[in-house]
Amino acid sequence: MIRVVIPTIILGLLCAAPLWAGGSNEPPPSSEVLSMEYEEIEERARGRSVRFYMWGGSDTVNSWIDGYVRERMLALYDISVERVPMDAAVFVNKLLTEKQANAQTGTIDVLWINGENFRTARQADLLLGPFTDRLPNFVRYVDPVAAETDAGFPVEGYEAPYGRAQFNIDYDAARVPDPPRTFEALERWVRRNPGRFTYPQPPDFTGSAFIRQAFYAITGGYEQYLEGFDQELFERNVPELWDYLNRIEPFLWQQGQRYPRDLAALDALFERGEVDFTMSFTQTNAATRINQGRYPETVRSFVMTDGALFNTHFLAIPFNAPNPHAAVVLINFLLSPDAQYSKNRLENWGDFTILDVDRLPEDFQTAFASLELGDATAPLEDFSRYGVPEIPAEYWEALERGWDREVRTR
Amino acid sequence: MNRRILISVLPLVLFYGLTVGAGLVLALLQSLGPAGFAADGVSAYGELLERPEIGRSILYTLYIAGASAILSVILGALLAWTLRWASAPVRTAGIVFHLPIILPHIVVGFVVMVLLAPTGPVSALVARLGFGSAVSDAFAWMLYSPAGIGMILAYVYKEFPFVTLMALGVLRLVPERMVVTARMLGAGPVRRFFAVGVPTMRPILSQVFIILFLYALGGFEIPWLLGSSRPQMIPITIYSLYFQGSLEDRPVAMAALSVLALFSIVFVALYAHAADRISHRERAV
Amino acid sequence: MIRLRSLRSVAVLLLLLVVFVGPILIVLLNALAARWAYPAVLPEEWSLRGVRFVLRNARDLISSILSSFMYSITVVVLSFIVCIAPARVLARDRFPGRRILEALFLSPVLIPAITYGMGIHFLFIRLGLANRTVGVVLVLTAASYPYMLRALIAGFEQIHRDYETCASNLGAGWLRRTMLVTIPMLLPAIVAGSTVVFLVAFSDYFLVFLIGGGAVRSFTGFLFPFLSAGDRTIGSTLTLLFVLIPIMLFVVLELTVRRFYATDSPRYNGSDGSQTDSSPVDRVGPGGPLGTAP
């Protein structure tokens with residue numbers, strides 16, 4: 001054994017030698033795009049391809065990208081868009097590894113990102129930017145104040161706003177005539193109806209959002225957290241959250257022994273009738289699914305009255321994007337009134353626009369105003385009345401790790 | 001060692017070293033510290049021991065892997081024995097046993113999800129047969145509970161045909177007259193299996209057992225699809241720590257990975273040694 | 001006696017059917033079902049949503065299948081190239097450290113792939129091999145070459161050295177000997193090893209996803225999101241599609257190799273002289289622990 005193990009180790013170390021060979025410290029060639037004019041960028045991008053890495057857990061979103069977006073990009077700019085499903089946390093980690101290994105050319109061109117993941121990416125210097133000033137549609141139609149921060153973290157032009165989402169819950173009105181609208185009511189409901197509710201396991205994006213929203217509601221509101229991450233405040237308040245989640249756990253689906261691994265799994269349970277609720281960030285999720293025939297007509301959605309998280313989601317470009325010009329063109333396109341309108345239609349995705357409607361040409365203003373949002377969607381007044389802003393990004397990770405430690409492994 | 005042998009073997013040695021060897025070494029190095037291998041020393045290993053759920057994960061993984069491997073070996077051997085002495089039409093029909101071998105693990109996991117779904121057709125059928133609504137709960141328990149029946153079933157379904165394939169290979173060398181003689185001497189089917197089948201198949205079965213056990217120990221795909229939240233299978237924990245955690249989590253992930261690698265190597269060595277000893281003893285007797 | 005025999009045969013047949021064919025049937029039904037809610041035992045509504053999906057995404061699907069196919073074939077070829085010389089030496093020669101070397105070479109299949117896969121990931125990124133088909137081919141070869149090695153070793157063990165000695169005595173050089181004598185006789189072993197390596201490479205999800213990083217298309221990568229989300233209809237449709245490929249390969253292989261080896265040579269008969277209906281592919285398979293893949 002020894003006769004073999006030692007030579008192997010030596011061999012392995014030799015092979016690891018290239019790792020210590022340092023990489024260059026020059027800025028990657030992709031950064032030139034930051035100083036070009038848009039017309040030039042578009043010119044350079046023609047005929048190229050672009051890889052769009054995004055969360056793949058919603059087939060509605062996937063279909064819109066694979067259909068409308070791909071088709072239009074090809075027709076308008078001769079750019080082929082390839083969608084790659086990958087969770088944000090995973091591709092951020094991938095970029096982290098690539099940065100460590102000094103890989104100047106990666107494979108990702110555009111990222112769908114926000115919140116904690118954006119913060120991690122910025123802190124590790126994984127993103128190309130600032131680039132939003134290169135985008136005509138951003139300059140023309142986006143309210144700069146709205147695009148200033150992402151979960152309290154400064155954006156500084158490193159990501160472009162893509163859409164606005166708000167956390168809501170779907171249920172079948174035929175099965176559940178009176179759904180709980182607050183977390184307190186939820187606790188009573190699950191006790192009376194054991195095994196019919198659950199939430200996706202954090203760090204799934206939606207599951208994470210659920211516990212963030214619960215955190216607000218259970219510890220007395222959101223205002224106290226907006227000043228930035230306060231470790232002491234967090235440690236003082238968070239035990240109440242864990243108590244709540246552990247208290248309701250035995251009344252959850254499968255007694256909380258198993259949480260759906262992601263939102264798609266929860267959706268499948270809801271559709272099969274194994275649970276009575278599912279959740280989503282897309283406001284018109286229920287209406288879209290009814291339209292597709294996946295939900296029965298009686299499904300409705302609501303927002304929790306003790307606070308419904310709203311957030312903006314963004315698009316960014318990694319430091320080692322192989323096709324940065326095409327990336328800029330794609331992002332600009334996704335910010336165009338046409339694309340934003342198509343995205344907002346419930347037949348497609350239903351995600352709300354981040355464009356400042358007042359700045360749009362009249363015909364678009366009318367179009368957006370007369371968008372059909374579907375009967376199943378919660379009333380717009382509810383969205384604005386009960387909306388609460390996202391918690392600063394540092395809390396996201398603290399909550400996810402805490403959940404893993406205090407709830408999953410208890 | 002003469003030159004010809006050296007030249008023949010060297011390319012593979014190099015290839016192995018540059019891939020598998022380097023991979024193992026790198027996992028070890030990464031466990032010693034974050035980012036640029038700043039040797040934080042073995043603190044990651046200490047942290048590993050501190051996390052209480054790691055211990056539970058390890059035991060759980062051992063349980064799932066062990067149960068899957070043992071069941072696969074038993075069922076596979078039984079099927080092989082049955083097919084060996086079956087009539088020609090049954091043997092021809094028996095070709096279907098190859099099916100799970102060509103299915104990838106993700107597909108077998110999916111099939112088990114479909115079959116064990118509490119609201120699925122199999123559950124409905126069994127309920128129809130008179131067992132009532134408790135069936136749905138039973139299926140849910142099998143699929144979702146930490147007992148891990150779903151995972152075990154998936155591994156067994158995928159692996160036991162492989163065992164059959166291997167066992168059939170050896171059983172083919174057993175001439176029919178041996179079994180006929182045994183029958184003439186009054187041995188019943190069970191006795192025949194244990195007296196003739198088991199000794200013939202034992203060497204191959206023990207080799208296959210190691211392969212299956214170690215595979216299930218490090219398998220990612222089936223636990224991802226069918227695993228429970230608590231306890232978690234070790235490969236999922238490692239993946240989570242590395243790909244969904246932060247930079248500080250990486251050394252811990254790599255530490256767990258190195259421990260897994262070490263365990264596998266040691267296990268194989270011990271097992272091979274023990275198997276050697278036994279066969280030596282058998283031959284002496 | 002006879003009645004018992006046939007009763008047992010029927011029981012076995014039934015068991016085989018239920019265990020192996022049953023699940024595929026259920027998958028088939030799922031592929032064609034629209035709504036299939038509990039407690040129905042059969043779908044209430046049928047739909048071609050799965051089929052429509054496949055047709056709509058045919059281009060992506062085909063390119064994924066082709067990609068998987070191409071890299072799998074490359075893995076087979078590469079593993080053959082790296083294994084052929086060592087196999088001969090390990091089968092025929094006795095030298096110090098032989099057993100340890102053999103154990104080392106066969107180890108990638110014994111230790112879980114993630115243990116070296118994640119380390120390789122980092123190395124490949126450094127070397128620029130990650131996110132490329134080259135990297136995927138290399139890592140898949142590393143994980144599956146032992147099957148080829150084992151098959152080739154078994155193959156060499158069964159070919160008597162004398163054939164090659166005769167050939168060289170008759171004046172054939174190294175190349176002619178290999179091409180005209182060794183390889184043809186080794187063919188069943190090569191086929192056996194290749195089938196297994198191909199299957200392992202084609203079916204792999206984790207390593208391709210890890211090293212390929214989403215940039216290398218694969219059938220398993222295409223399949224996985226639907227399976228994990230539990231989309232019954234599309235997942236089932238794609239599963240059926242997936243199953244067809246190895247089946248077709250197997251059929252083609254059996255037909256061609258059988259035809260090639262339809263001889264009365266004693267080597268392909270049973271050990272006690274009786275005719276068996278096993279194909280030469282099976283013959284070479286098990287002879288050691290790694291004749292075929294788990």
# chains A, B, ... in the order shown; residues from 1 in each chain; ligands from 1

call {"tool": "residues_around", "arguments": {"residues": "A:Glu406", "least_positions_apart": "6", "cutoff": "10 Å", "atoms": "only C-alpha atoms", "output": "PyMOL selection string"}}
result
chain A and resi 239+241-243+245-246+399-400

call {"tool": "write_last_selection", "arguments": {"atoms": "C-alpha atoms", "output": "PDB file, in the first residue's frame"}}
result
ATOM      1  CA  PRO A 239     -35.089  32.867  18.910  1.00  0.00           C
ATOM      2  CA  LEU A 241     -38.660  32.853  14.981  1.00  0.00           C
ATOM      3  CA  TRP A 242     -37.077  29.489  15.674  1.00  0.00           C
ATOM      4  CA  ASP A 243     -39.583  28.859  18.429  1.00  0.00           C
ATOM      5  CA  LEU A 245     -41.083  27.399  13.263  1.00  0.00           C
ATOM      6  CA  ASN A 246     -40.293  24.569  15.639  1.00  0.00           C
ATOM      7  CA  LEU A 399     -31.472  33.352   8.653  1.00  0.00           C
ATOM      8  CA  GLU A 400     -30.699  30.485   6.276  1.00  0.00           C
TER       9      GLU A 400
END

call {"tool": "interface_residues", "arguments": {"of": "chain C", "to": "chain A", "cutoff": "8 Å", "atoms": "only C-alpha atoms", "output": "list in words"}}
result
Ala37, Ile100, Leu101, Leu104, Phe122, Leu123, Ile125, Arg126, Leu127, Gly128, Asn131, Gly214, Ala215, Pro225, Ser228, Ala229, Gly230 and Asp231 of chain C

call {"tool": "interface_residues", "arguments": {"of": "chain B", "to": "chain C", "cutoff": "6 Å", "atoms": "only C-alpha atoms", "output": "PyMOL selection string"}}
result
chain B and resi 8-9+12+20+23-24+26-27+104+110+119+121+124-125+159+162+166+169+207+211+215+218+225+257+261+264

call {"tool": "write_last_selection", "arguments": {"atoms": "C-alpha atoms", "output": "PDB file, in the first residue's frame"}}
result
ATOM      1  CA  SER B   8       2.800  -0.089 -21.029  1.00  0.00           C
ATOM      2  CA  VAL B   9       1.738   0.966 -17.599  1.00  0.00           C
ATOM      3  CA  LEU B  12      -2.377   4.987 -17.313  1.00  0.00           C
ATOM      4  CA  VAL B  20      -8.124  10.821  -9.675  1.00  0.00           C
ATOM      5  CA  GLY B  23      -8.613  15.223  -7.352  1.00  0.00           C
ATOM      6  CA  LEU B  24      -8.065  13.485  -4.046  1.00  0.00           C
ATOM      7  CA  LEU B  26      -6.802  18.756  -4.005  1.00  0.00           C
ATOM      8  CA  ALA B  27      -9.735  17.857  -1.835  1.00  0.00           C
ATOM      9  CA  PRO B 104     -29.456   6.197 -15.032  1.00  0.00           C
ATOM     10  CA  PHE B 110     -37.861   9.479 -10.591  1.00  0.00           C
ATOM     11  CA  THR B 119     -51.434  10.090  -4.420  1.00  0.00           C
ATOM     12  CA  PRO B 121     -51.549   4.975  -9.094  1.00  0.00           C
ATOM     13  CA  ALA B 124     -54.524   3.908  -5.417  1.00  0.00           C
ATOM     14  CA  LEU B 125     -54.423   0.322  -6.620  1.00  0.00           C
ATOM     15  CA  GLU B 159     -28.448  -2.490  -8.442  1.00  0.00           C
ATOM     16  CA  PHE B 162     -26.445  -5.897 -11.833  1.00  0.00           C
ATOM     17  CA  MET B 166     -22.610 -10.900 -12.256  1.00  0.00           C
ATOM     18  CA  GLY B 169     -21.882 -15.304 -15.056  1.00  0.00           C
ATOM     19  CA  GLN B 207     -16.893  -8.138  -4.508  1.00  0.00           C
ATOM     20  CA  ILE B 211     -18.910  -1.762  -5.069  1.00  0.00           C
ATOM     21  CA  TYR B 215     -21.388   3.676  -4.486  1.00  0.00           C
ATOM     22  CA  GLY B 218     -21.061   8.607  -2.153  1.00  0.00           C
ATOM     23  CA  LEU B 225     -34.309  13.299  -5.456  1.00  0.00           C
ATOM     24  CA  LEU B 257     -15.016  14.707   1.439  1.00  0.00           C
ATOM     25  CA  ALA B 261     -12.396   9.123   0.573  1.00  0.00           C
ATOM     26  CA  SER B 264     -13.619   4.145   1.243  1.00  0.00           C
TER      27      SER B 264
END

call {"tool": "interface_residues", "arguments": {"of": "chain B", "to": "chain A", "cutoff": "9 Å", "atoms": "only C-alpha atoms", "output": "JSON, numbers by chain"}}
result
{"B": [13, 14, 16, 17, 18, 19, 20, 21, 22, 23, 24, 25, 26, 35, 36, 52, 53, 118, 119, 120, 140, 141, 144, 145, 146, 224, 225, 227, 228, 229, 230, 231, 242, 243, 244, 245, 246, 247, 269]}

call {"tool": "atom_distance", "arguments": {"atom1": "atom CA of A:Arg212", "atom2": "atom CA of B:Gly55"}}
result
29.2 Å

call {"tool": "select_by_dssp", "arguments": {"residues": "stretch 30-74 of chain C", "states": "alpha helix (DSSP H)", "output": "list of chain:residue names"}}
result
C:Asn30, C:Ala31, C:Arg49, C:Gly50, C:Val51, C:Arg52, C:Phe53, C:Val54, C:Leu55, C:Arg56, C:Ala58, C:Arg59, C:Asp60, C:Leu61, C:Ile62, C:Ser63, C:Ser64, C:Ile65, C:Leu66, C:Ser67, C:Ser68, C:Phe69, C:Met70, C:Tyr71, C:Ser72, C:Ile73, C:Thr74

call {"tool": "atom_distance", "arguments": {"atom1": "atom CA of B:Lys158", "atom2": "atom CA of B:Pro100"}}
result
5.1 Å

call {"tool": "closest_residue", "arguments": {"among": "A:Thr60, A:Ala75, A:Val328, A:Arg181", "to": "A:Tyr158", "atoms": "only C-alpha atoms"}}
result
A:Val328

call {"tool": "closest_residue", "arguments": {"among": "B:Met233, B:Arg3, B:Val135, B:Leu79", "to": "B:Ala256", "atoms": "only C-alpha atoms"}}
result
B:Met233

call {"tool": "atom_distance", "arguments": {"atom1": "atom CA of C:Leu152", "atom2": "atom CA of B:His273"}}
result
24.8 Å

call {"tool": "residues_around", "arguments": {"residues": "A:Ile65", "least_positions_apart": "2", "cutoff": "10 Å", "atoms": "only C-alpha atoms", "output": "list in words"}}
result
Phe52, Asp59, Thr60, Val61, Asn62, Ser63, Gly67, Tyr68, Val69, Arg70, Glu71, Arg72, Val81, Glu82, Arg83, Lys343, Asn348 and Trp349 of chain A

call {"tool": "write_last_selection", "arguments": {"atoms": "N, CA and C atoms", "output": "short mmCIF file (atom, residue, chain, number, x, y, z; two decimals), in the first residue's frame"}}
result
data_model
loop_
_atom_site.label_atom_id
_atom_site.label_comp_id
_atom_site.auth_asym_id
_atom_site.auth_seq_id
_atom_site.Cartn_x
_atom_site.Cartn_y
_atom_site.Cartn_z
N PHE A 52 -27.40 32.67 -20.60
CA PHE A 52 -28.15 33.32 -19.55
C PHE A 52 -28.36 32.30 -18.44
N ASP A 59 -41.34 26.75 -14.79
CA ASP A 59 -41.39 26.48 -16.22
C ASP A 59 -42.05 27.62 -16.97
N THR A 60 -42.86 28.44 -16.26
CA THR A 60 -43.48 29.60 -16.90
C THR A 60 -42.38 30.55 -17.37
N VAL A 61 -41.48 30.85 -16.44
CA VAL A 61 -40.38 31.75 -16.78
C VAL A 61 -39.52 31.12 -17.86
N ASN A 62 -39.22 29.85 -17.69
CA ASN A 62 -38.38 29.16 -18.67
C ASN A 62 -38.98 29.25 -20.07
N SER A 63 -40.28 29.02 -20.16
CA SER A 63 -40.92 29.05 -21.48
C SER A 63 -40.86 30.44 -22.09
N GLY A 67 -38.98 31.03 -25.44
CA GLY A 67 -39.86 31.36 -26.56
C GLY A 67 -39.67 32.79 -27.02
N TYR A 68 -40.39 33.68 -26.38
CA TYR A 68 -40.41 35.08 -26.79
C TYR A 68 -39.01 35.69 -26.85
N VAL A 69 -38.27 35.57 -25.75
CA VAL A 69 -36.98 36.27 -25.67
C VAL A 69 -36.01 35.75 -26.72
N ARG A 70 -35.93 34.43 -26.82
CA ARG A 70 -34.99 33.84 -27.77
C ARG A 70 -35.32 34.27 -29.19
N GLU A 71 -36.61 34.22 -29.48
CA GLU A 71 -37.07 34.54 -30.82
C GLU A 71 -36.79 36.00 -31.17
N ARG A 72 -37.12 36.90 -30.24
CA ARG A 72 -36.95 38.32 -30.52
C ARG A 72 -35.47 38.68 -30.65
N VAL A 81 -29.76 33.14 -27.77
CA VAL A 81 -29.77 33.12 -26.32
C VAL A 81 -29.87 31.67 -25.83
N GLU A 82 -28.95 31.29 -24.95
CA GLU A 82 -29.05 29.95 -24.38
C GLU A 82 -29.32 30.08 -22.89
N ARG A 83 -30.42 29.47 -22.48
CA ARG A 83 -30.78 29.55 -21.07
C ARG A 83 -30.18 28.35 -20.35
N LYS A 343 -43.50 40.39 -20.59
CA LYS A 343 -43.23 39.71 -19.33
C LYS A 343 -44.39 39.88 -18.35
N ASN A 348 -47.89 35.02 -20.24
CA ASN A 348 -46.47 34.69 -20.30
C ASN A 348 -45.91 34.41 -18.92
N TRP A 349 -45.60 35.46 -18.18
CA TRP A 349 -44.99 35.25 -16.87
C TRP A 349 -45.81 35.97 -15.80
#

call {"tool": "closest_residue", "arguments": {"among": "B:Leu48, B:Ala216, B:Ile106, B:Leu29", "to": "B:Ala253", "atoms": "only C-alpha atoms"}}
result
B:Leu48

call {"tool": "decode", "arguments": {"residues": "stretch 143-160 of chain B", "atoms": "N, CA and C atoms", "output": "compact mmCIF listing (two decimals), in the first residue's frame"}}
result
# COMPACT_ATOMS: atom_id res chain seq x y z
N LEU B 143 -41.91 6.98 1.36
CA LEU B 143 -41.23 7.90 0.45
C LEU B 143 -40.50 9.01 1.18
N TYR B 144 -41.14 9.55 2.22
CA TYR B 144 -40.61 10.77 2.79
C TYR B 144 -39.92 10.63 4.13
N SER B 145 -40.20 9.55 4.83
CA SER B 145 -39.68 9.50 6.20
C SER B 145 -38.19 9.23 6.22
N PRO B 146 -37.57 9.55 7.35
CA PRO B 146 -36.13 9.30 7.48
C PRO B 146 -35.78 7.82 7.37
N ALA B 147 -36.77 6.93 7.43
CA ALA B 147 -36.43 5.51 7.25
C ALA B 147 -35.81 5.30 5.88
N GLY B 148 -36.01 6.27 4.99
CA GLY B 148 -35.29 6.22 3.72
C GLY B 148 -35.67 5.09 2.80
N ILE B 149 -36.88 4.57 2.95
CA ILE B 149 -37.28 3.43 2.11
C ILE B 149 -37.19 3.81 0.63
N GLY B 150 -37.56 5.06 0.32
CA GLY B 150 -37.51 5.49 -1.07
C GLY B 150 -36.11 5.34 -1.65
N MET B 151 -35.13 5.84 -0.90
CA MET B 151 -33.75 5.76 -1.39
C MET B 151 -33.29 4.32 -1.51
N ILE B 152 -33.59 3.54 -0.49
CA ILE B 152 -33.16 2.14 -0.51
C ILE B 152 -33.79 1.42 -1.69
N LEU B 153 -35.07 1.67 -1.88
CA LEU B 153 -35.77 1.02 -2.99
C LEU B 153 -35.13 1.41 -4.31
N ALA B 154 -34.82 2.69 -4.45
CA ALA B 154 -34.22 3.16 -5.70
C ALA B 154 -32.87 2.49 -5.94
N TYR B 155 -32.04 2.47 -4.92
CA TYR B 155 -30.73 1.84 -5.08
C TYR B 155 -30.88 0.35 -5.38
N VAL B 156 -31.74 -0.31 -4.63
CA VAL B 156 -31.92 -1.75 -4.83
C VAL B 156 -32.43 -2.03 -6.24
N TYR B 157 -33.44 -1.27 -6.67
CA TYR B 157 -34.01 -1.52 -7.98
C TYR B 157 -32.97 -1.37 -9.08
N LYS B 158 -32.10 -0.39 -8.90
CA LYS B 158 -31.07 -0.16 -9.90
C LYS B 158 -29.98 -1.22 -9.82
N GLU B 159 -29.64 -1.65 -8.60
CA GLU B 159 -28.45 -2.49 -8.44
C GLU B 159 -28.69 -3.99 -8.50
N PHE B 160 -29.86 -4.45 -8.05
CA PHE B 160 -29.93 -5.91 -7.94
C PHE B 160 -29.87 -6.62 -9.29
